[in-house]
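Just below is one structure, and these are the notes that go with it.
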Amino acid sequence: MIRLQVDNVTKTFGSLKAVDGVSLDSQGGEIFALLGPNGAGKTTLIRMIMDITRPDSGSVSFDERPITHELKHRIGYMPEERGLYRKQKVGEVIAYFGRLHGIAKDEAARRATDWLERMGLEEWEKKKVEELSKGMQQKAQLALTLLHDPDLVILDEPFAGLDPVNTRMVKETILGLRSQGKTVLLSTHQMAQVEALADRVFMISHGQRVLYGGLREIKREHSEGAVLVNEEVEIKDHPDVLKVQKRAEGLLTKILLREGVATGAFLKSLLEQGAPVEHFELAETPLEDIFVRLAQEPAHQEVAS
């Protein structure tokens with residue numbers, strides 16, 4: 001199993017410690033979300049993984065080896081700031097980047113045509129990049145990133161500028177990479193896409209790791225002590241209940257429990273009272289709420305799941 005390891009890396013620029021003793025471990029066949037607010041150190045971390053910037057201390061390895069020029073050909077990197085040559089033809093630009101990875105000219109051209117067809121851009125192969133819309137350029141950039149069949153794929157804001165149809169196409173492409181056993185690092189501020197795609201989540205803030213673990217485990221760890229029950233359950237003056245949030249007709253009722261109340265004990269009390277409980281589940285906190293709360297804290301205690 002191909003493995004990416006980041007071990008206690010630190011990077012300082014002048015008086016700013018951009019990354020402070022960060023470690024992570026990602027296996028092949030998973031989508032690993034890399035999150036962080038602006039200025040948190042996320043871009044510096046990505047650059048160290050890519051060996052664009054060397055850490056002051058600590059190490060980065062891929063497939064049990066340090067990142068070398070040879071290994072870089074097994075990495076596909078889609079930066080947030082796109083790198084397509086606007087005056088060149090789309091197909092030629094994509095094929096050119098394939099040749100930089102050592103692919104023969106004819107094979108690079110064939111792969112470029114194939115990827116443009118996958119992205120629904122076959123009619124634009126002979127057009128100049130500047131003629132493409134922002135969303136089309138985004139898909140062309142993804143094709144360029146994947147042309148050389150990399151084992152590690154780093155995608156920085158891959159959904160920017162995409163409409164719902166193309167968003168779904170890109171999501172299916174990312175899921176396809178996971179099914180092929182690729183290691184996918186997904187960096188985005190779109191928490192809905194993280195919830196839809198990610199197996200595990202890493203968050204950096206103020207240069208430090210503040211969140212790390214399985215997505216579902218993290219959401220449960222950060223749940224606010226609330227449960228969802230079917231709307232027929234009536235809550236009146238229950239000592240364990242802090243607040244009841246009734247939803248629209250036909251939806252579940254959200255019950256916020258007092259601090260320290262176990263959900264199992266609360267369910268038992270409802271049943272003992274004869275409440276018609278047909279649905280009972282822990283109300284998971286949306287990842288966006290977790291992100292915002294941690295990003296706003298000046299100092300964090302890491303939560304690992």
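Chain labels run A, B, ... following the order of the structure tokens; each chain numbers its residues from 1, and ligands are numbered from 1 in the order shown.
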
Stretch 236-246 of chain A surroundings by only C-alpha atoms, 12 Å radius, close-in-sequence under 4 positions cut, as a compact mmCIF listing (two decimals) with C-alpha atoms, in the first residue's frame:
```
# COMPACT_ATOMS: atom_id res chain seq x y z
CA GLU A 224 -22.96 19.30 20.70
CA GLY A 225 -24.77 16.80 22.90
CA ALA A 226 -27.90 16.75 20.75
CA VAL A 227 -30.11 13.97 19.45
CA LEU A 228 -32.73 13.69 16.74
CA VAL A 229 -36.07 12.03 17.45
CA ASN A 230 -39.28 11.59 15.47
CA GLU A 231 -41.62 14.56 15.75
CA GLU A 232 -44.26 12.59 17.67
CA GLY A 250 -42.54 15.64 8.79
CA LEU A 251 -38.95 16.27 9.91
CA LEU A 252 -37.10 15.14 13.01
CA THR A 253 -37.00 17.14 16.23
CA LYS A 254 -33.59 18.20 17.52
CA ILE A 255 -33.11 17.98 21.29
CA LEU A 256 -30.10 19.64 22.90
CA LEU A 257 -29.12 17.81 26.09
CA ARG A 258 -27.60 19.34 29.19
CA GLU A 259 -23.86 18.93 29.62
CA GLY A 260 -22.90 15.53 30.97
CA VAL A 261 -26.14 13.76 30.00
CA ALA A 262 -25.50 10.44 28.25
CA THR A 263 -27.63 9.87 25.16
CA GLY A 264 -28.30 6.27 26.16
CA ALA A 265 -29.61 7.32 29.56
CA PHE A 266 -31.81 9.96 27.94
CA LEU A 267 -33.29 7.40 25.54
CA LYS A 268 -33.99 5.06 28.44
CA SER A 269 -35.84 7.82 30.29
CA LEU A 270 -38.01 8.55 27.25
CA GLN A 273 -42.10 7.58 30.21
CA ALA A 275 -42.73 8.23 24.64
CA ALA A 283 -27.14 14.77 15.85
```

task = Pick out the residues sitting within 10 Å of A:Thr44, and hand them over as a PyMOL selection string; count only C-alpha atoms, and ignore anything fewer than 6 positions along from it in its own chain.
result = chain A and resi 10-12+18-19+50+52-55+207

query = Hey, what does DSSP flag as alpha helix (DSSP H) within stretch 250-288 of chain A? Can you give it to me as a PyMOL selection string?
reply = chain A and resi 263-272+287-288

File of the preceding selection, N, CA and C atoms, as an mmCIF file, in the first residue's frame:
```
data_model
loop_
_atom_site.group_PDB
_atom_site.id
_atom_site.type_symbol
_atom_site.label_atom_id
_atom_site.label_comp_id
_atom_site.auth_asym_id
_atom_site.auth_seq_id
_atom_site.Cartn_x
_atom_site.Cartn_y
_atom_site.Cartn_z
ATOM 1 N N THR A 263 -26.494 10.065 26.077
ATOM 2 C CA THR A 263 -27.629 9.875 25.156
ATOM 3 C C THR A 263 -28.379 8.583 25.455
ATOM 4 N N GLY A 264 -27.637 7.541 25.849
ATOM 5 C CA GLY A 264 -28.296 6.268 26.164
ATOM 6 C C GLY A 264 -29.227 6.401 27.355
ATOM 7 N N ALA A 265 -28.781 7.120 28.370
ATOM 8 C CA ALA A 265 -29.611 7.321 29.560
ATOM 9 C C ALA A 265 -30.845 8.148 29.226
ATOM 10 N N PHE A 266 -30.671 9.133 28.334
ATOM 11 C CA PHE A 266 -31.814 9.956 27.941
ATOM 12 C C PHE A 266 -32.838 9.130 27.180
ATOM 13 N N LEU A 267 -32.377 8.271 26.274
ATOM 14 C CA LEU A 267 -33.292 7.399 25.538
ATOM 15 C C LEU A 267 -34.056 6.483 26.497
ATOM 16 N N LYS A 268 -33.347 5.941 27.469
ATOM 17 C CA LYS A 268 -33.990 5.060 28.443
ATOM 18 C C LYS A 268 -35.089 5.791 29.200
ATOM 19 N N SER A 269 -34.827 7.059 29.548
ATOM 20 C CA SER A 269 -35.838 7.822 30.286
ATOM 21 C C SER A 269 -37.078 8.087 29.434
ATOM 22 N N LEU A 270 -36.871 8.338 28.138
ATOM 23 C CA LEU A 270 -38.007 8.551 27.246
ATOM 24 C C LEU A 270 -38.872 7.296 27.157
ATOM 25 N N LEU A 271 -38.222 6.153 27.013
ATOM 26 C CA LEU A 271 -38.956 4.892 26.893
ATOM 27 C C LEU A 271 -39.702 4.568 28.185
ATOM 28 N N GLU A 272 -39.073 4.877 29.313
ATOM 29 C CA GLU A 272 -39.734 4.621 30.606
ATOM 30 C C GLU A 272 -40.966 5.494 30.778
ATOM 31 N N LEU A 287 -19.502 19.686 9.485
ATOM 32 C CA LEU A 287 -18.060 19.937 9.455
ATOM 33 C C LEU A 287 -17.762 21.426 9.356
ATOM 34 N N GLU A 288 -18.598 22.169 8.653
ATOM 35 C CA GLU A 288 -18.381 23.612 8.535
ATOM 36 C C GLU A 288 -18.395 24.288 9.900
#
```

Residue neighbourhood stretch 70-80 of chain A, 7 Å, only C-alpha atoms, exclusion window fewer than 3 positions, as a list in words = Ile67, His101, Gln141, Leu142, Thr145, Leu146, Pro150, Asp151, Leu152, Val153, Ile154, Leu155, Asp156 and Glu157 of chain A

Okay, now the selection with C-alpha atoms, as a PDB file, in the first residue's frame?
```pdb
ATOM      1  CA  ILE A  67      10.638  12.905  -2.078  1.00  0.00           C
ATOM      2  CA  HIS A 101       6.814  13.749 -16.973  1.00  0.00           C
ATOM      3  CA  GLN A 141      -6.189  21.666 -15.443  1.00  0.00           C
ATOM      4  CA  LEU A 142      -7.471  18.472 -13.817  1.00  0.00           C
ATOM      5  CA  THR A 145      -2.790  16.870 -13.438  1.00  0.00           C
ATOM      6  CA  LEU A 146      -3.849  13.282 -14.087  1.00  0.00           C
ATOM      7  CA  PRO A 150       0.191   9.704 -10.680  1.00  0.00           C
ATOM      8  CA  ASP A 151       0.009   7.646  -7.479  1.00  0.00           C
ATOM      9  CA  LEU A 152      -0.296  10.709  -5.224  1.00  0.00           C
ATOM     10  CA  VAL A 153      -2.782  13.368  -6.352  1.00  0.00           C
ATOM     11  CA  ILE A 154      -2.903  16.749  -4.592  1.00  0.00           C
ATOM     12  CA  LEU A 155      -5.925  18.844  -5.559  1.00  0.00           C
ATOM     13  CA  ASP A 156      -6.152  22.431  -4.315  1.00  0.00           C
ATOM     14  CA  GLU A 157      -9.693  23.846  -4.680  1.00  0.00           C
TER      15      GLU A 157
END
```

Just want the 7 Å neighbourhood of stretch 202-206 of chain A, counted on only C-alpha atoms, with same-chain residues fewer than 4 positions away dropped. Output as an mmCIF file with C-alpha atoms, in the first residue's frame.
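The resulting file, selection-v3.cif, is reproduced below:
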```cif
data_model
loop_
_atom_site.group_PDB
_atom_site.id
_atom_site.type_symbol
_atom_site.label_atom_id
_atom_site.label_comp_id
_atom_site.auth_asym_id
_atom_site.auth_seq_id
_atom_site.Cartn_x
_atom_site.Cartn_y
_atom_site.Cartn_z
ATOM 1 C CA ALA A 33 -8.993 16.240 3.200
ATOM 2 C CA LEU A 34 -6.434 18.902 4.061
ATOM 3 C CA LEU A 35 -8.214 21.868 5.642
ATOM 4 C CA GLY A 36 -7.261 25.192 7.147
ATOM 5 C CA PRO A 37 -8.267 28.867 7.181
ATOM 6 C CA ALA A 40 -2.970 28.785 8.586
ATOM 7 C CA GLY A 41 0.081 27.141 6.990
ATOM 8 C CA LYS A 42 -1.750 24.810 4.619
ATOM 9 C CA VAL A 210 -5.810 20.857 15.363
ATOM 10 C CA LEU A 211 -7.947 18.128 13.821
ATOM 11 C CA TYR A 212 -6.970 14.696 12.556
ATOM 12 C CA GLY A 213 -8.920 11.499 12.053
ATOM 13 C CA ALA A 295 -10.402 28.497 13.067
#
```

note = What separates atom CA of A:Arg99 and atom CA of A:Leu147 is a distance of 9.8 Å

ask   = Which one of A:Ala112, A:Leu84, A:Glu297, A:Arg178 sits closest to A:Met136 if you count only C-alpha atoms?
value =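 The closest residue to A:Met136 is A:Leu84.
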
inquiry  = Need to verify the contact set: A:His222, 12 Å, only C-alpha atoms, exclusion of same-chain residues closer than 3 positions in sequence. Can you return it as number ranges by chain?
reply    = A: 211, 215-219, 225-226, 282-291, 293-294, 302-305

query = Which of these, A:Val93, A:Met191, A:Leu162, A:Leu186, has the shortest distance to A:Leu116 once you count only C-alpha atoms?
reply =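 For A:Leu116, the nearest of the candidates is A:Val93.
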
ask   = Quick one: DSSP strand (DSSP E) residues in stretch 120-272 of chain A, as JSON, numbers by chain?
value = {"A": [152, 153, 154, 155, 156, 183, 184, 185, 186, 187, 200, 201, 202, 203, 204, 205, 208, 209, 210, 211, 212, 213, 214, 226, 227, 228, 229, 241, 242, 243, 244, 245, 253, 254, 255, 256, 257]}

Selection from above, N, CA and C atoms, as a JSON list (two decimals), in the first residue's frame, can you write it?
```json
[["chain", "number", "residue", "atom", "x", "y", "z"],
["A", 152, "LEU", "N", 0.11, 9.72, -6.22],
["A", 152, "LEU", "CA", -0.30, 10.71, -5.22],
["A", 152, "LEU", "C", -0.86, 11.91, -5.97],
["A", 153, "VAL", "N", -2.11, 12.26, -5.67],
["A", 153, "VAL", "CA", -2.78, 13.37, -6.35],
["A", 153, "VAL", "C", -3.14, 14.43, -5.31],
["A", 154, "ILE", "N", -2.63, 15.64, -5.50],
["A", 154, "ILE", "CA", -2.90, 16.75, -4.59],
["A", 154, "ILE", "C", -3.76, 17.76, -5.35],
["A", 155, "LEU", "N", -4.97, 17.97, -4.88],
["A", 155, "LEU", "CA", -5.93, 18.84, -5.56],
["A", 155, "LEU", "C", -6.26, 20.02, -4.66],
["A", 156, "ASP", "N", -5.91, 21.22, -5.10],
["A", 156, "ASP", "CA", -6.15, 22.43, -4.31],
["A", 156, "ASP", "C", -7.33, 23.18, -4.93],
["A", 183, "THR", "N", -3.55, 7.78, -3.70],
["A", 183, "THR", "CA", -3.62, 8.63, -2.51],
["A", 183, "THR", "C", -4.06, 10.02, -2.97],
["A", 184, "VAL", "N", -5.20, 10.49, -2.48],
["A", 184, "VAL", "CA", -5.75, 11.78, -2.90],
["A", 184, "VAL", "C", -5.76, 12.74, -1.72],
["A", 185, "LEU", "N", -5.02, 13.84, -1.84],
["A", 185, "LEU", "CA", -5.07, 14.92, -0.86],
["A", 185, "LEU", "C", -5.95, 16.01, -1.43],
["A", 186, "LEU", "N", -7.05, 16.27, -0.77],
["A", 186, "LEU", "CA", -8.04, 17.23, -1.24],
["A", 186, "LEU", "C", -8.02, 18.45, -0.33],
["A", 187, "SER", "N", -7.63, 19.59, -0.89],
["A", 187, "SER", "CA", -7.61, 20.84, -0.15],
["A", 187, "SER", "C", -8.71, 21.74, -0.67],
["A", 200, "ARG", "N", -10.82, 10.67, 5.59],
["A", 200, "ARG", "CA", -10.22, 11.24, 6.79],
["A", 200, "ARG", "C", -9.96, 12.72, 6.58],
["A", 201, "VAL", "N", -9.78, 13.42, 7.71],
["A", 201, "VAL", "CA", -9.66, 14.88, 7.68],
["A", 201, "VAL", "C", -8.48, 15.33, 8.53],
["A", 202, "PHE", "N", -7.76, 16.30, 8.00],
["A", 202, "PHE", "CA", -6.67, 16.95, 8.73],
["A", 202, "PHE", "C", -6.91, 18.45, 8.65],
["A", 203, "MET", "N", -6.78, 19.14, 9.77],
["A", 203, "MET", "CA", -6.94, 20.60, 9.76],
["A", 203, "MET", "C", -5.76, 21.24, 10.46],
["A", 204, "ILE", "N", -5.24, 22.28, 9.83],
["A", 204, "ILE", "CA", -4.14, 23.05, 10.39],
["A", 204, "ILE", "C", -4.63, 24.47, 10.68],
["A", 205, "SER", "N", -4.21, 25.02, 11.81],
["A", 205, "SER", "CA", -4.56, 26.39, 12.17],
["A", 205, "SER", "C", -3.42, 26.96, 13.00],
["A", 208, "GLN", "N", -0.39, 24.76, 13.38],
["A", 208, "GLN", "CA", -0.42, 23.52, 14.15],
["A", 208, "GLN", "C", -1.59, 22.63, 13.74],
["A", 209, "ARG", "N", -1.39, 21.34, 13.91],
["A", 209, "ARG", "CA", -2.46, 20.38, 13.63],
["A", 209, "ARG", "C", -3.51, 20.47, 14.74],
["A", 210, "VAL", "N", -4.76, 20.72, 14.36],
["A", 210, "VAL", "CA", -5.81, 20.86, 15.36],
["A", 210, "VAL", "C", -6.92, 19.82, 15.20],
["A", 211, "LEU", "N", -6.90, 19.12, 14.09],
["A", 211, "LEU", "CA", -7.95, 18.13, 13.82],
["A", 211, "LEU", "C", -7.35, 17.04, 12.94],
["A", 212, "TYR", "N", -7.58, 15.79, 13.32],
["A", 212, "TYR", "CA", -6.97, 14.70, 12.56],
["A", 212, "TYR", "C", -7.71, 13.40, 12.86],
["A", 213, "GLY", "N", -8.26, 12.77, 11.83],
["A", 213, "GLY", "CA", -8.92, 11.50, 12.05],
["A", 213, "GLY", "C", -10.00, 11.22, 11.03],
["A", 214, "GLY", "N", -10.74, 10.15, 11.25],
["A", 214, "GLY", "CA", -11.84, 9.78, 10.37],
["A", 214, "GLY", "C", -12.95, 10.82, 10.41],
["A", 226, "ALA", "N", -26.53, 16.66, 21.24],
["A", 226, "ALA", "CA", -27.90, 16.75, 20.75],
["A", 226, "ALA", "C", -28.29, 15.44, 20.09],
["A", 227, "VAL", "N", -29.58, 15.16, 20.10],
["A", 227, "VAL", "CA", -30.11, 13.97, 19.45],
["A", 227, "VAL", "C", -31.28, 14.37, 18.56],
["A", 228, "LEU", "N", -31.58, 13.51, 17.62],
["A", 228, "LEU", "CA", -32.73, 13.69, 16.74],
["A", 228, "LEU", "C", -33.74, 12.59, 17.03],
["A", 229, "VAL", "N", -34.99, 12.99, 17.20],
["A", 229, "VAL", "CA", -36.07, 12.03, 17.45],
["A", 229, "VAL", "C", -37.23, 12.34, 16.50],
["A", 241, "VAL", "N", -33.02, 17.99, 29.39],
["A", 241, "VAL", "CA", -33.13, 18.73, 28.13],
["A", 241, "VAL", "C", -32.85, 20.21, 28.34],
["A", 242, "LEU", "N", -31.96, 20.75, 27.51],
["A", 242, "LEU", "CA", -31.65, 22.17, 27.55],
["A", 242, "LEU", "C", -32.52, 22.95, 26.57],
["A", 243, "LYS", "N", -32.75, 22.37, 25.39],
["A", 243, "LYS", "CA", -33.49, 23.09, 24.36],
["A", 243, "LYS", "C", -34.09, 22.10, 23.36],
["A", 244, "VAL", "N", -35.29, 22.44, 22.87],
["A", 244, "VAL", "CA", -35.94, 21.63, 21.84],
["A", 244, "VAL", "C", -36.13, 22.49, 20.60],
["A", 245, "GLN", "N", -35.67, 21.97, 19.47],
["A", 245, "GLN", "CA", -35.81, 22.68, 18.20],
["A", 245, "GLN", "C", -36.75, 21.91, 17.28],
["A", 253, "THR", "N", -37.16, 16.11, 15.22],
["A", 253, "THR", "CA", -37.00, 17.14, 16.23],
["A", 253, "THR", "C", -35.60, 17.03, 16.83],
["A", 254, "LYS", "N", -34.92, 18.17, 16.94],
["A", 254, "LYS", "CA", -33.59, 18.20, 17.52],
["A", 254, "LYS", "C", -33.68, 18.57, 18.99],
["A", 255, "ILE", "N", -33.07, 17.76, 19.84],
["A", 255, "ILE", "CA", -33.11, 17.98, 21.29],
["A", 255, "ILE", "C", -31.69, 18.17, 21.79],
["A", 256, "LEU", "N", -31.42, 19.34, 22.35],
["A", 256, "LEU", "CA", -30.10, 19.64, 22.90],
["A", 256, "LEU", "C", -30.09, 19.24, 24.38],
["A", 257, "LEU", "N", -29.17, 18.33, 24.72],
["A", 257, "LEU", "CA", -29.12, 17.81, 26.09],
["A", 257, "LEU", "C", -28.21, 18.68, 26.96]]
```
